[in-house]
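entry.pdb follows; it contains PDB, C-alpha atoms and all ligand atoms.
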```
ATOM      1  CA  MET A   1     -47.215  31.073-148.522  1.00  0.00           C
ATOM      2  CA  LYS A   2     -45.465  30.510-151.807  1.00  0.00           C
ATOM      3  CA  PHE A   3     -44.178  27.190-150.563  1.00  0.00           C
ATOM      4  CA  GLN A   4     -47.636  26.153-149.424  1.00  0.00           C
ATOM      5  CA  LEU A   5     -49.096  27.045-152.783  1.00  0.00           C
ATOM      6  CA  LEU A   6     -46.431  25.085-154.574  1.00  0.00           C
ATOM      7  CA  SER A   7     -46.911  22.016-152.455  1.00  0.00           C
ATOM      8  CA  LEU A   8     -50.624  22.289-152.969  1.00  0.00           C
ATOM      9  CA  VAL A   9     -50.082  22.415-156.718  1.00  0.00           C
ATOM     10  CA  SER A  10     -47.733  19.450-156.663  1.00  0.00           C
ATOM     11  CA  LEU A  11     -50.145  17.585-154.440  1.00  0.00           C
ATOM     12  CA  LEU A  12     -52.938  18.190-156.936  1.00  0.00           C
ATOM     13  CA  LEU A  13     -50.706  17.136-159.813  1.00  0.00           C
ATOM     14  CA  THR A  14     -49.738  13.952-158.034  1.00  0.00           C
ATOM     15  CA  ALA A  15     -53.344  13.243-157.231  1.00  0.00           C
ATOM     16  CA  THR A  16     -54.313  13.767-160.851  1.00  0.00           C
ATOM     17  CA  THR A  17     -51.630  11.546-162.317  1.00  0.00           C
ATOM     18  CA  ALA A  18     -52.090   8.883-159.668  1.00  0.00           C
ATOM     19  CA  ALA A  19     -55.884   8.839-159.895  1.00  0.00           C
ATOM     20  CA  PRO A  20     -56.810   5.472-161.373  1.00  0.00           C
ATOM     21  CA  SER A  21     -59.444   5.418-164.072  1.00  0.00           C
ATOM     22  CA  PRO A  22     -62.706   4.450-162.354  1.00  0.00           C
ATOM     23  CA  ALA A  23     -62.542   0.734-161.649  1.00  0.00           C
ATOM     24  CA  LYS A  24     -64.707  -1.292-163.979  1.00  0.00           C
ATOM     25  CA  PRO A  25     -67.470  -2.777-161.844  1.00  0.00           C
ATOM     26  CA  LYS A  26     -67.711  -6.556-161.504  1.00  0.00           C
ATOM     27  CA  THR A  27     -70.812  -7.074-163.562  1.00  0.00           C
ATOM     28  CA  PHE A  28     -72.996 -10.152-163.385  1.00  0.00           C
ATOM     29  CA  ASP A  29     -76.236 -11.616-164.627  1.00  0.00           C
ATOM     30  CA  VAL A  30     -78.520 -13.535-162.276  1.00  0.00           C
ATOM     31  CA  MET A  31     -80.007 -16.973-162.849  1.00  0.00           C
ATOM     32  CA  ALA A  32     -82.725 -18.554-160.731  1.00  0.00           C
ATOM     33  CA  LEU A  33     -82.168 -22.047-159.368  1.00  0.00           C
ATOM     34  CA  ARG A  34     -85.258 -23.917-158.225  1.00  0.00           C
ATOM     35  CA  SER A  35     -85.219 -27.453-159.500  1.00  0.00           C
ATOM     36  CA  ALA A  36     -88.307 -29.023-161.036  1.00  0.00           C
ATOM     37  CA  SER A  37     -90.037 -25.679-161.461  1.00  0.00           C
ATOM     38  CA  PRO A  38     -90.817 -23.335-164.384  1.00  0.00           C
ATOM     39  CA  ILE A  39     -88.253 -20.839-163.069  1.00  0.00           C
ATOM     40  CA  HIS A  40     -85.266 -23.200-162.909  1.00  0.00           C
ATOM     41  CA  PHE A  41     -82.419 -21.599-164.905  1.00  0.00           C
ATOM     42  CA  ALA A  42     -84.529 -18.516-165.731  1.00  0.00           C
ATOM     43  CA  GLN A  43     -82.545 -15.313-166.009  1.00  0.00           C
ATOM     44  CA  VAL A  44     -83.477 -12.147-164.182  1.00  0.00           C
ATOM     45  CA  SER A  45     -84.841  -9.352-166.364  1.00  0.00           C
ATOM     46  CA  ALA A  46     -85.600  -5.731-165.527  1.00  0.00           C
ATOM     47  CA  ALA A  47     -88.543  -3.772-166.929  1.00  0.00           C
ATOM     48  CA  LYS A  48     -91.222  -1.354-165.795  1.00  0.00           C
ATOM     49  CA  SER A  49     -89.387  -0.691-162.513  1.00  0.00           C
ATOM     50  CA  GLY A  50     -89.477  -4.357-161.491  1.00  0.00           C
ATOM     51  CA  LEU A  51     -87.425  -7.548-161.758  1.00  0.00           C
ATOM     52  CA  PHE A  52     -88.821 -10.649-163.458  1.00  0.00           C
ATOM     53  CA  LEU A  53     -88.089 -14.223-164.475  1.00  0.00           C
ATOM     54  CA  ASN A  54     -89.221 -15.665-167.814  1.00  0.00           C
ATOM     55  CA  LEU A  55     -89.979 -12.234-169.235  1.00  0.00           C
ATOM     56  CA  PRO A  56     -90.025 -12.528-173.047  1.00  0.00           C
ATOM     57  CA  ALA A  57     -88.682  -9.015-173.734  1.00  0.00           C
ATOM     58  CA  GLN A  58     -87.336  -6.279-171.485  1.00  0.00           C
ATOM     59  CA  ASN A  59     -87.576  -3.564-174.132  1.00  0.00           C
ATOM     60  CA  ALA A  60     -84.628  -1.765-172.569  1.00  0.00           C
ATOM     61  CA  THR A  61     -82.739   0.900-174.492  1.00  0.00           C
ATOM     62  CA  CYS A  62     -79.177  -0.327-174.853  1.00  0.00           C
ATOM     63  CA  LYS A  63     -75.997   1.271-176.049  1.00  0.00           C
ATOM     64  CA  GLY A  64     -75.135   1.081-179.710  1.00  0.00           C
ATOM     65  CA  GLY A  65     -78.559  -0.288-180.570  1.00  0.00           C
ATOM     66  CA  GLN A  66     -77.687  -3.586-178.890  1.00  0.00           C
ATOM     67  CA  SER A  67     -80.308  -5.498-177.008  1.00  0.00           C
ATOM     68  CA  SER A  68     -80.227  -7.867-174.106  1.00  0.00           C
ATOM     69  CA  ASP A  69     -82.821 -10.398-173.031  1.00  0.00           C
ATOM     70  CA  HIS A  70     -81.792 -10.213-169.390  1.00  0.00           C
ATOM     71  CA  ALA A  71     -80.505  -7.677-166.884  1.00  0.00           C
ATOM     72  CA  THR A  72     -76.898  -7.115-165.843  1.00  0.00           C
ATOM     73  CA  PHE A  73     -75.989  -5.774-162.421  1.00  0.00           C
ATOM     74  CA  TYR A  74     -73.152  -4.931-160.077  1.00  0.00           C
ATOM     75  CA  VAL A  75     -72.989  -4.383-156.335  1.00  0.00           C
ATOM     76  CA  GLU A  76     -71.397  -1.171-155.093  1.00  0.00           C
ATOM     77  CA  ASN A  77     -71.481  -0.110-151.430  1.00  0.00           C
ATOM     78  CA  GLU A  78     -74.109  -2.787-150.768  1.00  0.00           C
ATOM     79  CA  GLU A  79     -76.326  -1.309-153.457  1.00  0.00           C
ATOM     80  CA  LEU A  80     -77.527  -3.350-156.422  1.00  0.00           C
ATOM     81  CA  VAL A  81     -77.111  -1.291-159.584  1.00  0.00           C
ATOM     82  CA  LEU A  82     -78.315  -2.100-163.084  1.00  0.00           C
ATOM     83  CA  TYR A  83     -75.285  -1.894-165.347  1.00  0.00           C
ATOM     84  CA  SER A  84     -75.000   1.140-167.539  1.00  0.00           C
ATOM     85  CA  CYS A  85     -72.018   3.204-168.561  1.00  0.00           C
ATOM     86  CA  GLU A  86     -74.122   6.368-168.496  1.00  0.00           C
ATOM     87  CA  GLY A  87     -73.967   8.653-165.475  1.00  0.00           C
ATOM     88  CA  VAL A  88     -77.534   8.124-164.309  1.00  0.00           C
ATOM     89  CA  LYS A  89     -77.837   4.988-162.192  1.00  0.00           C
ATOM     90  CA  GLN A  90     -80.770   2.652-161.818  1.00  0.00           C
ATOM     91  CA  LYS A  91     -80.707   1.079-158.341  1.00  0.00           C
ATOM     92  CA  VAL A  92     -82.722  -1.804-156.964  1.00  0.00           C
ATOM     93  CA  PHE A  93     -84.633  -1.307-153.724  1.00  0.00           C
ATOM     94  CA  VAL A  94     -86.658  -3.541-151.460  1.00  0.00           C
ATOM     95  CA  ASP A  95     -89.528  -2.546-149.198  1.00  0.00           C
ATOM     96  CA  ARG A  96     -89.795  -4.814-146.168  1.00  0.00           C
ATOM     97  CA  SER A  97     -92.533  -2.796-144.507  1.00  0.00           C
ATOM     98  CA  GLY A  98     -96.067  -4.058-143.947  1.00  0.00           C
ATOM     99  CA  MET A  99     -97.163  -2.034-146.962  1.00  0.00           C
ATOM    100  CA  GLY A 100     -94.309  -3.135-149.191  1.00  0.00           C
ATOM    101  CA  GLN A 101     -94.509  -6.841-148.248  1.00  0.00           C
ATOM    102  CA  GLY A 102     -91.076  -7.395-149.777  1.00  0.00           C
ATOM    103  CA  ILE A 103     -91.667  -5.683-153.089  1.00  0.00           C
ATOM    104  CA  VAL A 104     -88.533  -5.284-155.208  1.00  0.00           C
ATOM    105  CA  GLY A 105     -88.211  -2.456-157.692  1.00  0.00           C
ATOM    106  CA  TYR A 106     -85.726   0.024-159.072  1.00  0.00           C
ATOM    107  CA  ILE A 107     -85.448   3.768-159.280  1.00  0.00           C
ATOM    108  CA  THR A 108     -83.644   5.898-161.830  1.00  0.00           C
ATOM    109  CA  GLY A 109     -81.256   8.659-160.779  1.00  0.00           C
ATOM    110  CA  ASP A 110     -82.580  10.911-158.053  1.00  0.00           C
ATOM    111  CA  ALA A 111     -86.145   9.600-158.201  1.00  0.00           C
ATOM    112  CA  PRO A 112     -87.559   9.244-154.685  1.00  0.00           C
ATOM    113  CA  LEU A 113     -87.545   5.865-152.975  1.00  0.00           C
ATOM    114  CA  PRO A 114     -90.792   4.503-151.591  1.00  0.00           C
ATOM    115  CA  ARG A 115     -91.125   5.636-147.985  1.00  0.00           C
ATOM    116  CA  TYR A 116     -89.728   2.424-146.526  1.00  0.00           C
ATOM    117  CA  GLY A 117     -87.625   1.487-149.538  1.00  0.00           C
ATOM    118  CA  GLU A 118     -84.063   0.357-148.804  1.00  0.00           C
ATOM    119  CA  LEU A 119     -81.152   0.331-151.231  1.00  0.00           C
ATOM    120  CA  LYS A 120     -78.343  -0.925-148.999  1.00  0.00           C
ATOM    121  CA  GLY A 121     -78.039  -4.532-147.922  1.00  0.00           C
ATOM    122  CA  TRP A 122     -77.246  -6.421-151.138  1.00  0.00           C
ATOM    123  CA  LYS A 123     -74.382  -8.872-151.152  1.00  0.00           C
ATOM    124  CA  VAL A 124     -73.032 -11.801-153.117  1.00  0.00           C
ATOM    125  CA  ASP A 125     -71.884 -14.657-150.887  1.00  0.00           C
ATOM    126  CA  ALA A 126     -68.976 -17.071-151.300  1.00  0.00           C
ATOM    127  CA  ASP A 127     -71.179 -19.398-153.374  1.00  0.00           C
ATOM    128  CA  GLN A 128     -71.937 -16.515-155.773  1.00  0.00           C
ATOM    129  CA  ASN A 129     -75.527 -16.169-154.596  1.00  0.00           C
ATOM    130  CA  LEU A 130     -77.263 -12.820-154.248  1.00  0.00           C
ATOM    131  CA  TRP A 131     -79.004 -11.867-151.004  1.00  0.00           C
ATOM    132  CA  PHE A 132     -80.553  -8.873-149.343  1.00  0.00           C
ATOM    133  CA  LYS A 133     -79.497  -8.965-145.693  1.00  0.00           C
ATOM    134  CA  ASP A 134     -79.573 -12.777-145.493  1.00  0.00           C
ATOM    135  CA  THR A 135     -83.009 -12.877-147.075  1.00  0.00           C
ATOM    136  CA  ALA A 136     -83.505 -14.770-150.332  1.00  0.00           C
ATOM    137  CA  LEU A 137     -85.622 -13.816-153.303  1.00  0.00           C
ATOM    138  CA  ILE A 138     -88.895 -15.385-154.371  1.00  0.00           C
ATOM    139  CA  ALA A 139     -90.879 -15.155-157.613  1.00  0.00           C
ATOM    140  CA  CYS A 140     -94.629 -15.040-158.128  1.00  0.00           C
ATOM    141  CA  PRO A 141     -96.340 -16.198-161.346  1.00  0.00           C
ATOM    142  CA  SER A 142     -98.933 -14.498-163.554  1.00  0.00           C
ATOM    143  CA  SER A 143     -97.069 -11.233-163.961  1.00  0.00           C
ATOM    144  CA  ILE A 144     -96.576  -9.209-167.155  1.00  0.00           C
ATOM    145  CA  ASP A 145     -96.288 -11.165-170.402  1.00  0.00           C
ATOM    146  CA  GLY A 146     -96.558 -14.442-168.503  1.00  0.00           C
ATOM    147  CA  SER A 147     -93.483 -13.716-166.398  1.00  0.00           C
ATOM    148  CA  TRP A 148     -92.839 -14.225-162.683  1.00  0.00           C
ATOM    149  CA  ARG A 149     -92.264 -11.102-160.635  1.00  0.00           C
ATOM    150  CA  ILE A 150     -89.435 -11.087-158.119  1.00  0.00           C
ATOM    151  CA  TRP A 151     -90.032 -10.196-154.465  1.00  0.00           C
ATOM    152  CA  LEU A 152     -87.981 -10.465-151.314  1.00  0.00           C
ATOM    153  CA  GLY A 153     -89.003 -13.604-149.432  1.00  0.00           C
ATOM    154  CA  LEU A 154     -90.272 -12.346-146.095  1.00  0.00           C
ATOM    155  CA  GLY A 155     -92.180 -15.548-145.392  1.00  0.00           C
ATOM    156  CA  LEU A 156     -95.597 -14.096-146.183  1.00  0.00           C
ATOM    157  CA  GLN A 157     -98.223 -16.469-147.515  1.00  0.00           C
ATOM    158  CA  LYS A 158     -99.316 -14.111-150.334  1.00  0.00           C
ATOM    159  CA  PRO A 159     -96.977 -11.166-150.837  1.00  0.00           C
ATOM    160  CA  GLY A 160     -98.922  -8.372-152.500  1.00  0.00           C
ATOM    161  CA  GLY A 161    -101.842 -10.793-152.849  1.00  0.00           C
ATOM    162  CA  ASN A 162     -99.848 -13.077-155.164  1.00  0.00           C
ATOM    163  CA  GLU A 163    -100.288 -16.831-154.948  1.00  0.00           C
ATOM    164  CA  GLY A 164     -98.027 -19.678-155.954  1.00  0.00           C
ATOM    165  CA  CYS A 165     -94.768 -17.869-155.214  1.00  0.00           C
ATOM    166  CA  LEU A 166     -91.596 -19.945-155.141  1.00  0.00           C
ATOM    167  CA  GLY A 167     -88.326 -19.306-153.387  1.00  0.00           C
ATOM    168  CA  PHE A 168     -85.208 -19.614-155.492  1.00  0.00           C
ATOM    169  CA  THR A 169     -81.458 -19.336-155.276  1.00  0.00           C
ATOM    170  CA  ALA A 170     -80.246 -16.214-157.092  1.00  0.00           C
ATOM    171  CA  ARG A 171     -76.984 -17.384-158.629  1.00  0.00           C
ATOM    172  CA  THR A 172     -74.799 -14.629-160.039  1.00  0.00           C
ATOM    173  CA  LEU A 173     -72.917 -15.323-163.266  1.00  0.00           C
ATOM    174  CA  PRO A 174     -69.980 -13.055-164.084  1.00  0.00           C
ATOM    175  CA  ASN A 175     -70.541 -11.091-167.286  1.00  0.00           C
ATOM    176  CA  ALA A 176     -67.312  -9.592-168.551  1.00  0.00           C
ATOM    177  CA  LYS A 177     -68.941  -8.041-171.617  1.00  0.00           C
ATOM    178  CA  PRO A 178     -72.035  -6.376-170.234  1.00  0.00           C
ATOM    179  CA  VAL A 179     -74.399  -4.475-172.491  1.00  0.00           C
ATOM    180  CA  SER A 180     -75.069  -0.995-171.128  1.00  0.00           C
ATOM    181  CA  CYS A 181     -78.820  -0.469-170.893  1.00  0.00           C
ATOM    182  CA  ARG A 182     -81.421   1.930-169.593  1.00  0.00           C
ATOM    183  CA  TYR A 183     -84.352  -0.153-168.356  1.00  0.00           C
ATOM    184  CA  THR A 184     -87.953   0.966-168.652  1.00  0.00           C
ATOM    185  CA  GLN A 185     -89.880   2.539-165.822  1.00  0.00           C
ATOM    186  CA  LEU A 186     -93.514   2.510-164.905  1.00  0.00           C
TER
HETATM  187  C1  LIG B   1     -92.154  -5.128-174.946  1.00  0.00           C
HETATM  188  O1  LIG B   1     -92.694  -4.732-176.189  1.00  0.00           O
HETATM  189  C2  LIG B   1     -93.669  -5.655-176.720  1.00  0.00           C
HETATM  190  C3  LIG B   1     -94.060  -5.158-178.089  1.00  0.00           C
HETATM  191  O2  LIG B   1     -94.463  -3.829-178.041  1.00  0.00           O
HETATM  192  C4  LIG B   1     -94.851  -5.738-175.747  1.00  0.00           C
HETATM  193  O3  LIG B   1     -95.804  -6.663-176.224  1.00  0.00           O
HETATM  194  C5  LIG B   1     -94.348  -6.180-174.384  1.00  0.00           C
HETATM  195  O4  LIG B   1     -95.414  -6.188-173.450  1.00  0.00           O
HETATM  196  C6  LIG B   1     -93.239  -5.262-173.889  1.00  0.00           C
HETATM  197  N1  LIG B   1     -92.707  -5.795-172.654  1.00  0.00           N
HETATM  198  C7  LIG B   1     -92.427  -5.036-171.590  1.00  0.00           C
HETATM  199  C8  LIG B   1     -91.878  -5.743-170.404  1.00  0.00           C
HETATM  200  O5  LIG B   1     -92.595  -3.835-171.552  1.00  0.00           O
END
```
If you took the structure in this file and wrote it as structure tokens, what would it be?
Ligand SMILES: *[C@@H]1O[C@H](CO)[C@@H](O)[C@H](O)[C@H]1NC(C)=O
Amino acid sequence: MKFQLLSLVSLLLTATTAAPSPAKPKTFDVMALRSASPIHFAQVSAAKSGLFLNLPAQNATCKGGQSSDHATFYVENEELVLYSCEGVKQKVFVDRSGMGQGIVGYITGDAPLPRYGELKGWKVDADQNLWFKDTALIACPSSIDGSWRIWLGLGLQKPGGNEGCLGFTARTLPNAKPVSCRYTQL
């Protein structure tokens, strides 16, 4: 008994000393590539529970009073997370159902997902492009403040009734000095 207790204690001690500090996530920004279009080289922003291109201001609340004109993310367990060093995470979901039509949004902390919302399936490929389960992103014009709202490209003619949507390559750009932000919600 005594021996067991001791080995348990030493095991715990070993575990404590050996425990690495939580690995810093590989953070990245995302730039749209779609040549000869208004979204070529536009950076992805996050605001009001959605992702956008060409959004003038995100109005996010960032650490140390800093600000950022675009969003910074990391992928963890196939989930796309908005970078923050606070405990509460903001995660990006897609809804590929007939109702969702490929809508992309994000939830904060334990907030409920839309019924058919999915968090897992995000990956960055060998060319540094971001995908959700082999499906690319698209953007539709005439969204807030003249921006283009990002959707998942399910091949629909008018996702959510939006016209003039364009597919784009979502190129990730490593960001070694990410600004920690809490993005606004609807
Ligand atoms: C950010 O704040 C400005 C000024 O209040 C406002 O005009 C703009 O619509 C806001 N943008 C977003 C995405 O909330």
**Request:** Report as a ChimeraX atom specification the residues that result from applying the PyMOL selection byres (((chain A and resi 71-86) around 8) and not hetatm) to the structure here.
**Result:** /A:25-30,43-46,68-70,87-93,119-123,175,178-182
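Taking all atoms listed in the file into account, the residues near (-86.4, 3.0, -165.8), no farther than 7 Å, are Lys48, Ser49, Gln90, Ile107, Thr108, Arg182, Tyr183, Thr184 and Gln185 of chain A.
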Could the residues in this selection be written to a file with C-alpha atoms, as a PDB file, in the frame of the given file?
```pdb
ATOM      1  CA  LYS A  48     -91.222  -1.354-165.795  1.00  0.00           C
ATOM      2  CA  SER A  49     -89.387  -0.691-162.513  1.00  0.00           C
ATOM      3  CA  GLN A  90     -80.770   2.652-161.818  1.00  0.00           C
ATOM      4  CA  ILE A 107     -85.448   3.768-159.280  1.00  0.00           C
ATOM      5  CA  THR A 108     -83.644   5.898-161.830  1.00  0.00           C
ATOM      6  CA  ARG A 182     -81.421   1.930-169.593  1.00  0.00           C
ATOM      7  CA  TYR A 183     -84.352  -0.153-168.356  1.00  0.00           C
ATOM      8  CA  THR A 184     -87.953   0.966-168.652  1.00  0.00           C
ATOM      9  CA  GLN A 185     -89.880   2.539-165.822  1.00  0.00           C
TER      10      GLN A 185
END
```
**Ile103 (chain A) surroundings by all atoms listed in the file, 8 Å radius, close-in-sequence under 2 positions cut, as a ChimeraX atom specification** = /A:94-96,100-101,105,150-152,159-160
Just C-alpha atoms for this one: save the residues we selected as a short mmCIF file (atom, residue, chain, number, x, y, z; two decimals), in the frame of the given file.
```
data_model
loop_
_atom_site.label_atom_id
_atom_site.label_comp_id
_atom_site.auth_asym_id
_atom_site.auth_seq_id
_atom_site.Cartn_x
_atom_site.Cartn_y
_atom_site.Cartn_z
CA VAL A 94 -86.66 -3.54 -151.46
CA ASP A 95 -89.53 -2.55 -149.20
CA ARG A 96 -89.80 -4.81 -146.17
CA GLY A 100 -94.31 -3.14 -149.19
CA GLN A 101 -94.51 -6.84 -148.25
CA GLY A 105 -88.21 -2.46 -157.69
CA ILE A 150 -89.44 -11.09 -158.12
CA TRP A 151 -90.03 -10.20 -154.46
CA LEU A 152 -87.98 -10.46 -151.31
CA PRO A 159 -96.98 -11.17 -150.84
CA GLY A 160 -98.92 -8.37 -152.50
#
```
Residues within 12 Å of ligand LIG 1 (chain B), counting all atoms listed in the file: report them as an mmCIF file with C-alpha atoms, keeping the file's coordinate frame.
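Contents of out10.cif, as written:
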```
data_model
loop_
_atom_site.group_PDB
_atom_site.id
_atom_site.type_symbol
_atom_site.label_atom_id
_atom_site.label_comp_id
_atom_site.auth_asym_id
_atom_site.auth_seq_id
_atom_site.Cartn_x
_atom_site.Cartn_y
_atom_site.Cartn_z
ATOM 1 C CA SER A 45 -84.841 -9.352 -166.364
ATOM 2 C CA ALA A 46 -85.600 -5.731 -165.527
ATOM 3 C CA ALA A 47 -88.543 -3.772 -166.929
ATOM 4 C CA LYS A 48 -91.222 -1.354 -165.795
ATOM 5 C CA SER A 49 -89.387 -0.691 -162.513
ATOM 6 C CA GLY A 50 -89.477 -4.357 -161.491
ATOM 7 C CA LEU A 51 -87.425 -7.548 -161.758
ATOM 8 C CA PHE A 52 -88.821 -10.649 -163.458
ATOM 9 C CA LEU A 53 -88.089 -14.223 -164.475
ATOM 10 C CA ASN A 54 -89.221 -15.665 -167.814
ATOM 11 C CA LEU A 55 -89.979 -12.234 -169.235
ATOM 12 C CA PRO A 56 -90.025 -12.528 -173.047
ATOM 13 C CA ALA A 57 -88.682 -9.015 -173.734
ATOM 14 C CA GLN A 58 -87.336 -6.279 -171.485
ATOM 15 C CA ASN A 59 -87.576 -3.564 -174.132
ATOM 16 C CA ALA A 60 -84.628 -1.765 -172.569
ATOM 17 C CA THR A 61 -82.739 0.900 -174.492
ATOM 18 C CA ASP A 69 -82.821 -10.398 -173.031
ATOM 19 C CA HIS A 70 -81.792 -10.213 -169.390
ATOM 20 C CA SER A 143 -97.069 -11.233 -163.961
ATOM 21 C CA ILE A 144 -96.576 -9.209 -167.155
ATOM 22 C CA ASP A 145 -96.288 -11.165 -170.402
ATOM 23 C CA GLY A 146 -96.558 -14.442 -168.503
ATOM 24 C CA SER A 147 -93.483 -13.716 -166.398
ATOM 25 C CA TRP A 148 -92.839 -14.225 -162.683
ATOM 26 C CA ARG A 149 -92.264 -11.102 -160.635
ATOM 27 C CA TYR A 183 -84.352 -0.153 -168.356
ATOM 28 C CA THR A 184 -87.953 0.966 -168.652
ATOM 29 C CA GLN A 185 -89.880 2.539 -165.822
ATOM 30 C CA LEU A 186 -93.514 2.510 -164.905
#
```
**Message:** Considering all atoms listed in the file, can you say which of A:Glu118, A:Lys158, A:Ser35, A:Ser142 comes closest to Val104 (chain A)?
**Reply:** A:Glu118
**Request:** Using only C-alpha atoms, collect all residues at a distance of at most 9 Å from (-94.6, -16.3, -151.1) as written in the file, then present them as a ChimeraX atom specification.
**Result:** /A:138-140,151-159,162-167
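Of note, CA of Leu33 (chain A) and CA of Leu173 (chain A) are spaced 12.1 Å apart.
Shortest atom-to-atom contact with Phe132 (chain A) among A:His40, A:Ala170, A:Lys24, A:Gly65: A:Ala170, counting all atoms listed in the file.
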**Request:** Go ahead and compute the interatomic distance for CA of Tyr106 (chain A) and CA of Asp127 (chain A), in Å to one decimal.
**Result:** 24.9 Å
